>>> print(open('protein-v9.txt').read())   # compact mmCIF, C-alpha atoms and all ligand atoms
# COMPACT_ATOMS: atom_id res chain seq x y z
CA MET A 1 -10.59 26.50 -1.77
CA THR A 2 -7.81 24.54 -0.10
CA THR A 3 -4.52 24.61 -1.94
CA ALA A 4 -2.41 21.48 -2.02
CA THR A 5 0.86 20.28 -3.39
CA SER A 6 0.73 19.55 -7.10
CA LYS A 7 1.20 16.09 -8.50
CA PRO A 8 3.07 15.79 -11.76
CA ASP A 9 1.66 12.98 -13.90
CA ALA A 10 3.88 10.43 -15.67
CA ALA A 11 4.67 12.97 -18.37
CA GLY A 12 5.57 15.62 -15.80
CA ALA A 13 2.39 17.68 -16.29
CA VAL A 14 0.63 18.94 -13.17
CA LEU A 15 -2.94 17.72 -12.70
CA PRO A 16 -5.55 20.33 -11.81
CA ALA A 17 -6.69 19.98 -8.17
CA ALA A 18 -10.19 18.65 -8.96
CA GLU A 19 -8.80 15.94 -11.21
CA ARG A 20 -6.08 15.05 -8.73
CA TRP A 21 -8.37 14.66 -5.73
CA LEU A 22 -11.11 12.84 -7.62
CA ARG A 23 -8.45 10.49 -8.90
CA ALA A 24 -7.33 9.89 -5.30
CA TYR A 25 -10.94 9.09 -4.38
CA ARG A 26 -11.26 6.67 -7.29
CA GLN A 27 -8.01 4.92 -6.42
CA MET A 28 -9.04 4.46 -2.78
CA ALA A 29 -12.47 3.16 -3.83
CA ARG A 30 -10.83 0.72 -6.24
CA ILE A 31 -8.62 -0.68 -3.47
CA ARG A 32 -11.54 -1.02 -1.02
CA LEU A 33 -13.68 -2.80 -3.61
CA PHE A 34 -10.80 -5.03 -4.72
CA GLU A 35 -10.39 -6.16 -1.12
CA GLU A 36 -14.13 -6.82 -0.75
CA GLN A 37 -13.86 -9.17 -3.71
CA VAL A 38 -10.82 -10.90 -2.19
CA ASN A 39 -12.76 -11.56 1.00
CA GLU A 40 -15.66 -12.88 -1.06
CA LEU A 41 -13.37 -15.22 -3.02
CA TYR A 42 -11.96 -16.51 0.26
CA THR A 43 -15.34 -17.08 1.91
CA ARG A 44 -16.65 -18.82 -1.23
CA ALA A 45 -13.55 -21.08 -1.14
CA LEU A 46 -12.53 -19.98 -4.64
CA MET A 47 -9.13 -18.65 -3.54
CA PRO A 48 -6.46 -21.05 -2.33
CA GLY A 49 -4.66 -19.93 0.83
CA LEU A 50 -5.06 -16.64 2.70
CA ALA A 51 -4.73 -12.94 2.00
CA HIS A 52 -4.09 -9.88 4.20
CA LEU A 53 -6.54 -7.09 3.46
CA TYR A 54 -5.55 -3.43 3.19
CA SER A 55 -9.05 -1.98 3.81
CA GLY A 56 -8.82 1.06 6.10
CA GLU A 57 -5.26 1.91 5.03
CA GLU A 58 -6.02 3.12 1.48
CA ALA A 59 -5.00 6.75 2.00
CA VAL A 60 -1.41 5.73 2.70
CA ALA A 61 -0.78 3.85 -0.55
CA VAL A 62 -2.74 6.33 -2.65
CA GLY A 63 -1.37 9.50 -1.06
CA ILE A 64 2.17 8.25 -1.61
CA CYS A 65 1.87 6.61 -5.02
CA GLU A 66 0.13 9.69 -6.39
CA ALA A 67 3.33 11.58 -5.56
CA LEU A 68 5.44 9.13 -7.59
CA ARG A 69 6.29 8.81 -11.26
CA ILE A 70 5.40 5.58 -13.05
CA ASP A 71 9.12 4.70 -13.24
CA ASP A 72 9.72 5.25 -9.52
CA TYR A 73 10.06 2.08 -7.49
CA ILE A 74 8.03 0.66 -4.67
CA THR A 75 8.50 -2.44 -2.56
CA SER A 76 5.60 -3.92 -0.67
CA THR A 77 4.57 -6.37 2.04
CA HIS A 78 2.30 -9.32 2.76
CA ARG A 79 -0.50 -6.70 2.92
CA GLY A 80 0.32 -5.47 -0.55
CA HIS A 81 -2.78 -5.28 -2.77
CA GLY A 82 -3.29 -1.57 -2.06
CA HIS A 83 0.30 -0.70 -2.94
CA CYS A 84 0.07 -2.68 -6.21
CA LEU A 85 -3.16 -1.03 -7.32
CA ALA A 86 -2.07 2.45 -6.26
CA LYS A 87 1.10 2.08 -8.36
CA GLY A 88 -0.92 1.01 -11.39
CA ALA A 89 -1.21 -2.79 -11.47
CA SER A 90 -4.11 -4.38 -13.34
CA PRO A 91 -6.82 -5.95 -11.13
CA ASP A 92 -7.40 -8.66 -13.79
CA ARG A 93 -3.87 -9.97 -13.45
CA MET A 94 -3.88 -9.53 -9.67
CA PHE A 95 -7.05 -11.60 -9.22
CA ALA A 96 -5.66 -14.16 -11.67
CA GLU A 97 -2.56 -14.42 -9.49
CA LEU A 98 -4.65 -14.85 -6.35
CA LEU A 99 -6.55 -17.70 -7.99
CA GLY A 100 -3.39 -19.42 -9.27
CA LYS A 101 -4.10 -18.72 -12.93
CA GLU A 102 -1.63 -18.51 -15.82
CA ALA A 103 -2.63 -14.87 -16.53
CA GLY A 104 -1.46 -13.79 -13.05
CA TYR A 105 1.57 -11.59 -12.41
CA CYS A 106 3.63 -14.65 -11.41
CA ARG A 107 1.78 -17.02 -13.74
CA GLY A 108 -0.28 -18.10 -10.79
CA LYS A 109 2.66 -19.46 -8.82
CA GLY A 110 3.17 -16.63 -6.33
CA GLY A 111 -0.24 -15.69 -4.98
CA SER A 112 -1.22 -12.66 -2.94
CA MET A 113 2.10 -12.12 -1.16
CA HIS A 114 4.39 -12.23 -4.20
CA ILE A 115 2.85 -9.92 -6.76
CA ALA A 116 5.42 -7.82 -8.60
CA ASP A 117 4.82 -5.54 -11.58
CA PRO A 118 8.07 -4.19 -13.03
CA ALA A 119 6.15 -2.21 -15.69
CA THR A 120 4.82 0.07 -12.94
CA GLY A 121 8.02 0.06 -10.86
CA ASN A 122 6.62 -2.40 -8.34
CA LEU A 123 9.53 -4.59 -7.27
CA GLY A 124 7.25 -6.89 -5.36
CA ALA A 125 5.30 -7.83 -2.31
CA ASN A 126 7.20 -9.84 0.29
CA ALA A 127 5.99 -12.50 2.71
CA ILE A 128 8.98 -11.90 4.97
CA VAL A 129 8.32 -9.07 7.42
CA GLY A 130 10.93 -6.41 6.61
CA GLY A 131 12.07 -8.52 3.66
CA SER A 132 12.01 -5.73 1.12
CA VAL A 133 14.06 -3.09 2.94
CA GLY A 134 17.25 -4.23 1.21
CA ILE A 135 15.56 -4.45 -2.18
CA ALA A 136 14.24 -0.86 -1.98
CA THR A 137 17.59 0.45 -0.75
CA GLY A 138 19.41 -1.44 -3.51
CA ALA A 139 17.05 0.02 -6.11
CA ALA A 140 17.76 3.50 -4.74
CA PHE A 141 21.49 2.78 -4.90
CA ALA A 142 21.12 1.76 -8.57
CA SER A 143 19.11 4.93 -9.30
CA LYS A 144 21.83 7.06 -7.80
CA ARG A 145 24.60 5.29 -9.73
CA LEU A 146 22.64 5.44 -13.00
CA ARG A 147 21.54 9.05 -12.35
CA ASN A 148 18.07 8.24 -13.67
CA GLY A 149 16.20 10.27 -11.04
CA ARG A 150 14.11 7.36 -9.78
CA VAL A 151 13.00 7.32 -6.17
CA ALA A 152 12.28 4.11 -4.23
CA VAL A 153 9.50 3.86 -1.63
CA CYS A 154 9.73 0.99 0.83
CA PHE A 155 6.38 0.17 2.47
CA PHE A 156 6.41 -1.90 5.66
CA GLY A 157 4.32 -2.41 8.79
CA GLU A 158 5.47 -1.40 12.25
CA GLY A 159 6.20 -5.10 12.90
CA ALA A 160 9.24 -4.70 10.61
CA LEU A 161 10.79 -2.29 13.13
CA GLY A 162 12.08 -5.42 14.85
CA GLN A 163 14.17 -6.41 11.84
CA GLY A 164 17.87 -5.56 12.20
CA SER A 165 18.32 -5.21 8.44
CA LEU A 166 16.17 -2.06 8.53
CA TYR A 167 18.82 -0.34 10.64
CA GLU A 168 21.66 -1.53 8.40
CA VAL A 169 20.00 -0.10 5.30
CA MET A 170 18.95 3.19 6.93
CA ASN A 171 22.57 3.67 7.97
CA LEU A 172 23.86 3.10 4.43
CA ALA A 173 21.08 5.12 2.83
CA GLN A 174 21.94 8.12 4.98
CA LEU A 175 25.71 7.77 4.47
CA TRP A 176 25.28 7.49 0.70
CA LYS A 177 22.35 9.95 0.42
CA LEU A 178 20.19 7.41 -1.42
CA PRO A 179 16.80 8.39 -2.88
CA VAL A 180 14.75 6.02 -0.72
CA ILE A 181 11.75 6.69 1.54
CA TYR A 182 10.96 4.21 4.28
CA VAL A 183 7.21 4.24 4.93
CA CYS A 184 6.14 2.64 8.19
CA GLU A 185 2.42 1.90 8.07
CA ASN A 186 1.56 1.82 11.75
CA ASN A 187 -1.82 0.07 11.89
CA LEU A 188 -1.25 -0.58 15.61
CA TYR A 189 -1.01 -4.40 15.48
CA ASN A 190 1.63 -6.89 14.42
CA GLU A 191 -0.56 -9.93 13.92
CA TYR A 192 -2.40 -10.14 17.26
CA THR A 193 -0.08 -7.99 19.39
CA HIS A 194 -0.37 -4.25 19.98
CA TYR A 195 2.77 -2.50 18.74
CA SER A 196 3.35 -0.89 22.16
CA GLU A 197 4.26 -4.38 23.42
CA THR A 198 6.96 -4.84 20.77
CA THR A 199 8.35 -1.36 20.10
CA ALA A 200 10.53 0.41 22.66
CA GLY A 201 11.00 4.16 22.45
CA THR A 202 9.47 6.06 19.56
CA ILE A 203 9.17 4.95 15.95
CA LEU A 204 10.57 8.18 14.51
CA GLY A 205 13.42 8.13 17.02
CA ARG A 206 14.81 5.08 15.28
CA ALA A 207 15.15 6.95 11.96
CA GLU A 208 16.32 10.14 13.63
CA ALA A 209 19.16 8.19 15.24
CA PHE A 210 20.65 7.79 11.75
CA GLY A 211 19.97 11.42 10.81
CA LEU A 212 17.20 10.61 8.34
CA GLU A 213 14.58 13.24 7.59
CA ALA A 214 11.68 11.87 9.66
CA ALA A 215 7.99 12.79 9.67
CA SER A 216 4.69 11.38 10.82
CA VAL A 217 1.29 11.84 9.23
CA ASP A 218 -2.37 11.00 9.76
CA GLY A 219 -2.63 7.99 7.46
CA GLN A 220 -6.41 8.40 7.16
CA ASP A 221 -6.02 11.77 5.42
CA VAL A 222 -5.06 11.22 1.80
CA ARG A 223 -4.24 14.87 1.18
CA ALA A 224 -1.97 15.12 4.21
CA VAL A 225 -0.19 11.93 3.15
CA HIS A 226 0.19 13.24 -0.38
CA GLU A 227 1.55 16.57 0.79
CA VAL A 228 4.27 15.12 3.01
CA ALA A 229 5.07 12.41 0.44
CA THR A 230 5.52 15.02 -2.28
CA ARG A 231 7.98 16.92 -0.09
CA LEU A 232 9.99 13.79 0.76
CA VAL A 233 9.97 12.52 -2.83
CA ASN A 234 11.11 15.90 -4.20
CA ARG A 235 14.00 16.14 -1.75
CA ALA A 236 15.05 12.53 -2.44
CA ARG A 237 14.91 13.13 -6.20
CA SER A 238 16.99 16.26 -5.95
CA GLY A 239 19.77 14.46 -4.10
CA ASP A 240 18.98 15.40 -0.48
CA GLY A 241 18.85 11.80 0.62
CA PRO A 242 16.55 9.33 2.33
CA ALA A 243 13.55 9.90 4.58
CA PHE A 244 11.33 7.99 6.95
CA LEU A 245 7.56 8.48 7.13
CA GLN A 246 5.37 7.09 9.91
CA ALA A 247 1.77 6.86 8.69
CA ASP A 248 -0.72 6.21 11.50
CA THR A 249 -3.54 4.03 10.24
CA TYR A 250 -5.73 1.00 10.99
CA ARG A 251 -6.61 -2.27 9.31
CA TYR A 252 -10.34 -2.93 9.40
CA SER A 253 -10.17 -6.69 8.96
CA GLY A 254 -8.28 -9.32 10.82
CA HIS A 255 -4.58 -9.93 10.33
CA HIS A 256 -5.66 -12.17 7.44
CA VAL A 257 -9.04 -13.08 5.99
CA GLY A 258 -9.40 -16.01 8.38
CA ASP A 259 -8.90 -13.86 11.51
CA ILE A 260 -12.58 -13.44 12.34
CA ASN A 261 -12.76 -13.37 16.15
CA ARG A 262 -10.54 -10.50 17.22
CA GLU A 263 -11.96 -9.52 20.59
CA TYR A 264 -9.12 -11.15 22.50
CA TYR A 265 -6.70 -8.57 21.11
CA ARG A 266 -8.83 -5.54 20.17
CA SER A 267 -12.34 -4.35 20.94
CA LYS A 268 -15.34 -3.99 18.65
CA GLN A 269 -15.63 -0.38 19.89
CA GLU A 270 -12.12 0.38 18.68
CA GLU A 271 -12.88 -1.08 15.25
CA ALA A 272 -16.18 0.84 15.07
CA HIS A 273 -14.43 4.10 15.96
CA TRP A 274 -11.96 3.80 13.08
CA LYS A 275 -14.61 2.68 10.59
CA ASN A 276 -17.24 5.26 11.56
CA ASP A 277 -15.11 8.27 12.44
CA ARG A 278 -11.77 7.81 10.68
CA ASP A 279 -12.55 6.16 7.36
CA PRO A 280 -10.21 7.62 4.72
CA ILE A 281 -12.70 7.31 1.86
CA THR A 282 -15.63 8.84 3.76
CA LEU A 283 -13.42 11.66 5.06
CA HIS A 284 -12.12 12.46 1.59
CA ALA A 285 -15.62 12.26 0.10
CA GLY A 286 -16.88 14.78 2.67
CA TRP A 287 -14.02 17.13 1.81
CA LEU A 288 -14.61 16.81 -1.96
CA VAL A 289 -18.27 17.74 -1.54
CA ALA A 290 -17.59 20.56 0.95
CA GLU A 291 -14.95 22.08 -1.34
CA GLY A 292 -17.25 21.90 -4.35
CA TYR A 293 -15.09 19.44 -6.27
CA ALA A 294 -17.91 16.89 -6.56
CA MET A 295 -21.60 16.33 -5.95
CA PRO A 296 -22.41 13.10 -4.05
CA ALA A 297 -23.86 11.64 -7.28
CA LEU A 298 -20.47 11.86 -8.98
CA LEU A 299 -18.82 10.00 -6.11
CA GLU A 300 -21.53 7.33 -6.29
CA GLN A 301 -20.87 7.00 -10.00
CA ILE A 302 -17.12 6.61 -9.44
CA THR A 303 -17.79 3.94 -6.82
CA ALA A 304 -20.19 2.10 -9.12
CA GLU A 305 -17.59 2.14 -11.92
CA ALA A 306 -14.92 0.81 -9.55
CA ARG A 307 -17.29 -1.95 -8.38
CA ALA A 308 -18.05 -2.93 -11.99
CA GLU A 309 -14.32 -2.94 -12.78
CA MET A 310 -13.58 -5.29 -9.87
CA GLU A 311 -16.48 -7.60 -10.66
CA ALA A 312 -15.31 -7.88 -14.26
CA ALA A 313 -11.74 -8.54 -13.08
CA VAL A 314 -12.92 -11.36 -10.82
CA LYS A 315 -14.92 -12.85 -13.68
CA PHE A 316 -11.85 -12.71 -15.90
CA ALA A 317 -9.76 -14.49 -13.26
CA VAL A 318 -12.36 -17.14 -12.44
CA ASN A 319 -12.70 -18.03 -16.12
CA ALA A 320 -8.95 -17.89 -16.86
CA PRO A 321 -7.04 -21.16 -17.33
CA TYR A 322 -4.56 -22.63 -14.84
CA PRO A 323 -0.95 -23.05 -15.98
CA SER A 324 -0.43 -26.38 -17.72
CA VAL A 325 1.09 -29.24 -15.74
CA ASP A 326 4.32 -29.16 -17.78
CA GLN A 327 5.01 -25.64 -16.37
CA VAL A 328 5.00 -26.80 -12.79
CA GLU A 329 8.78 -26.41 -12.36
CA GLN A 330 9.17 -23.34 -14.59
CA ASP A 331 10.09 -20.06 -12.80
CA VAL A 332 10.34 -21.88 -9.46
CA TYR A 333 13.67 -21.25 -7.74
CA ALA A 334 13.22 -22.60 -4.25
C1 LIG A 401 10.57 -12.51 9.43
C2 LIG A 401 9.15 -12.86 9.70
N1 LIG A 401 8.74 -13.10 10.96
C3 LIG A 401 7.45 -13.42 11.23
C4 LIG A 401 6.56 -13.53 10.20
C5 LIG A 401 5.10 -13.87 10.51
N2 LIG A 401 4.30 -12.65 10.32
C6 LIG A 401 3.60 -12.42 9.21
S1 LIG A 401 2.82 -10.92 9.23
C7 LIG A 401 3.40 -10.59 10.77
C8 LIG A 401 3.05 -9.28 11.47
C9 LIG A 401 3.39 -8.12 10.64
O1 LIG A 401 2.98 -6.95 11.29
P1 LIG A 401 3.31 -5.57 10.60
O2 LIG A 401 4.69 -5.59 10.06
O3 LIG A 401 2.98 -4.51 11.57
O4 LIG A 401 2.36 -5.52 9.33
P2 LIG A 401 0.78 -5.57 9.29
O5 LIG A 401 0.39 -7.02 9.22
O6 LIG A 401 0.27 -4.90 10.51
O7 LIG A 401 0.42 -4.85 8.04
C10 LIG A 401 4.20 -11.62 11.24
C11 LIG A 401 4.85 -11.62 12.57
C12 LIG A 401 7.01 -13.29 8.89
N3 LIG A 401 6.20 -13.36 7.85
N4 LIG A 401 8.30 -12.93 8.66
>>> encode(input="protein-v9.txt", output="structure tokens")
Amino acid sequence: MTTATSKPDAAGAVLPAAERWLRAYRQMARIRLFEEQVNELYTRALMPGLAHLYSGEEAVAVGICEALRIDDYITSTHRGHGHCLAKGASPDRMFAELLGKEAGYCRGKGGSMHIADPATGNLGANAIVGGSVGIATGAAFASKRLRNGRVAVCFFGEGALGQGSLYEVMNLAQLWKLPVIYVCENNLYNEYTHYSETTAGTILGRAEAFGLEAASVDGQDVRAVHEVATRLVNRARSGDGPAFLQADTYRYSGHHVGDINREYYRSKQEEAHWKNDRDPITLHAGWLVAEGYAMPALLEQITAEARAEMEAAVKFAVNAPYPSVDQVEQDVYA
């Protein structure tokens, strides 16, 4: 049986391998099924605005967040639903936020790209590409000053490599040995442009230039992501400073839910290859069965439970009330 790095739960106890890897499967299934519901809400015109789906990238958020404590921080992006769920957010309140309802994480005033959940250490999604790099680094600075042992993980897409602020914060993080991990989710495209047209040199070379511990990982392999994340989190927590992780992955859908015709920037064959041969949930399911951790029926049951959970969460959000008109200016700062 394959051995793998242990994950301490919130109380510091180590989960047995079967429980840990089935939990990873469940978390990835929950994200995939959440996103299916988001697409459905969009196509049925029940959701105002757009959303950016995380389907295909689930192993990155889950592999990393499973290596974190509940009080560790994350910052997220415009493609943030997977990060939120993997860190422990409630789908009820997330769907409510997407539909502009009072029960949402921002009382229905933020929508998909602004969900934050301080109770699970989630300092927020961010509509500005690269917009959260300073927030994550600041959180890590606070952790270091307060000596509370919290680590901050900063998720961003490879499009954020063009933001100068990333290089300012990596410089400071390395000088001050801050407990922050920069996670570059390289899904190959920034909107409709292949990253090779926007990124000179290598991705890791940019972090290595500042002396950061830098690693890359197959972002479709949840166990590989978890293993490297555990190593980087442990070294950050013990005072060895920041790290940079490049996770190679793929988004199945368009840049946003309305991006339906994609053939002018990527082929159907390419999409089919990632979906059929590189799907993180299918790959992990195959491993669970081969290793004797689960029979297929158990995985089907977990998927059915996740589907029921997401359907109930949508129902909750659809039936939830909007904020009252007198709250229109409350909590609005810009
Ligand atoms: C500063 C800034 N510039 C441009 C945009 C418009 N925009 C939104 S998403 C996006 C591409 C982001 O690509 P990437 O960072 O690789 O993330 P992905 O969408 O692939 O997850 C762009 C250019 C923005 N939101 N913020």
>>> residues_near_ligand(input="protein-v9.txt", ligand="ligand LIG 401 (chain A)", cutoff="9 Å", atoms="only C-alpha atoms and all ligand atoms", output="MDAnalysis selection string")
chainID A and resid 52:54 77:80 126:131 156:163 184:193 195 250:251 255:256
>>> closest_residue(input="protein-v9.txt", among="A:Gly124, A:Pro179, A:Gly211, A:Gly56", to="Tyr252 of chain A", atoms="only C-alpha atoms")
A:Gly56
>>> residues_around(input="protein-v9.txt", residues="Gly138 of chain A", least_positions_apart="6", cutoff="12 Å", atoms="all atoms listed in the file", output="list in words")
Tyr73, Ile74, Thr75, Leu123, Ser132, Lys144, Arg145, Val151, Ala152, Val153, Cys154, Val169, Met170, Leu172, Ala173, Trp176, Leu178, Pro179 and Val180 of chain A
>>> atom_distance(input="protein-v9.txt", atom1="atom CA of Leu33 of chain A", atom2="atom CA of Arg262 of chain A")
22.4 Å
>>> closest_residue(input="protein-v9.txt", among="A:Asp218, A:Asp240, A:Glu305, A:Glu102", to="Ser324 of chain A", atoms="only C-alpha atoms")
A:Glu102
>>> residues_around(input="protein-v9.txt", residues="Gln174 of chain A", least_positions_apart="2", cutoff="12 Å", atoms="all atoms listed in the file", output="VMD selection string")
chain A and resid 137 140 to 141 167 to 172 176 to 182 207 to 214 236 239 to 244
>>> closest_atom_pairs(input="protein-v9.txt", of="segment 54-126 of chain A", to="segment 22-31 of chain A", cutoff="10 Å", atoms="only C-alpha atoms", output="Markdown table")
| residue | atom | partner | partner_atom | distance |
| --- | --- | --- | --- | --- |
| A:Tyr54 | CA | A:Ile31 | CA | 7.8 |
| A:Ser55 | CA | A:Ile31 | CA | 7.4 |
| A:Gly56 | CA | A:Met28 | CA | 9.5 |
| A:Glu57 | CA | A:Met28 | CA | 9.0 |
| A:Glu58 | CA | A:Met28 | CA | 5.4 |
| A:Ala59 | CA | A:Met28 | CA | 6.7 |
| A:Val60 | CA | A:Met28 | CA | 9.5 |
| A:Ala61 | CA | A:Met28 | CA | 8.6 |
| A:Val62 | CA | A:Ala24 | CA | 6.4 |
| A:Gly63 | CA | A:Ala24 | CA | 7.3 |
| A:Cys65 | CA | A:Ala24 | CA | 9.8 |
| A:Glu66 | CA | A:Ala24 | CA | 7.5 |
| A:His81 | CA | A:Ile31 | CA | 7.5 |
| A:Gly82 | CA | A:Ile31 | CA | 5.6 |
| A:His83 | CA | A:Ile31 | CA | 8.9 |
| A:Cys84 | CA | A:Ile31 | CA | 9.3 |
| A:Leu85 | CA | A:Ile31 | CA | 6.7 |
| A:Ala86 | CA | A:Gln27 | CA | 6.4 |
| A:Lys87 | CA | A:Gln27 | CA | 9.7 |
| A:Gly88 | CA | A:Gln27 | CA | 9.5 |
| A:Pro91 | CA | A:Arg30 | CA | 9.2 |
>>> closest_residue(input="protein-v9.txt", among="A:Asn148, A:Val38, A:Thr249, A:Arg107", to="Lys275 of chain A", atoms="only C-alpha atoms")
A:Thr249
>>> atom_distance(input="protein-v9.txt", atom1="atom CA of Met295 of chain A", atom2="atom CA of Ala18 of chain A")
12.0 Å
>>> atom_distance(input="protein-v9.txt", atom1="atom CA of Ala285 of chain A", atom2="atom CA of Leu299 of chain A")
7.3 Å
>>> residues_around(input="protein-v9.txt", residues="Arg278 of chain A", least_positions_apart="4", cutoff="9 Å", atoms="only C-alpha atoms", output="JSON, numbers by chain")
{"A": [56, 220, 221, 273, 274, 282, 283]}
>>> residues_around(input="protein-v9.txt", residues="Gly258 of chain A", least_positions_apart="4", cutoff="10 Å", atoms="all atoms listed in the file", output="list in words")
Asn39, Tyr42, Thr43, Gly49, Leu50, Ala51, His52, Ser253 and Gly254 of chain A
>>> write_last_selection(input="protein-v9.txt", atoms="C-alpha atoms", output="JSON list (two decimals), keeping the file's coordinate frame")
[["chain", "number", "residue", "atom", "x", "y", "z"],
["A", 39, "ASN", "CA", -12.76, -11.56, 1.00],
["A", 42, "TYR", "CA", -11.96, -16.51, 0.26],
["A", 43, "THR", "CA", -15.34, -17.08, 1.91],
["A", 49, "GLY", "CA", -4.66, -19.93, 0.83],
["A", 50, "LEU", "CA", -5.06, -16.64, 2.70],
["A", 51, "ALA", "CA", -4.73, -12.94, 2.00],
["A", 52, "HIS", "CA", -4.09, -9.88, 4.20],
["A", 253, "SER", "CA", -10.17, -6.69, 8.96],
["A", 254, "GLY", "CA", -8.28, -9.32, 10.82]]
>>> residues_around(input="protein-v9.txt", residues="Tyr293 of chain A", least_positions_apart="3", cutoff="10 Å", atoms="only C-alpha atoms", output="list in words")
Met1, Ala17, Ala18, Glu19, Trp21, Leu22, Ala285, Trp287, Leu288, Val289, Ala290, Pro296 and Leu298 of chain A
>>> axis_aligned_box(input="protein-v9.txt", around="segment 100-115 of chain A", padding_each_side="6 Å", output="lines of an AutoDock Vina configuration file")
center_x = 0.1
center_y = -14.7
center_z = -8.8
size_x = 20.5
size_y = 21.5
size_z = 27.4
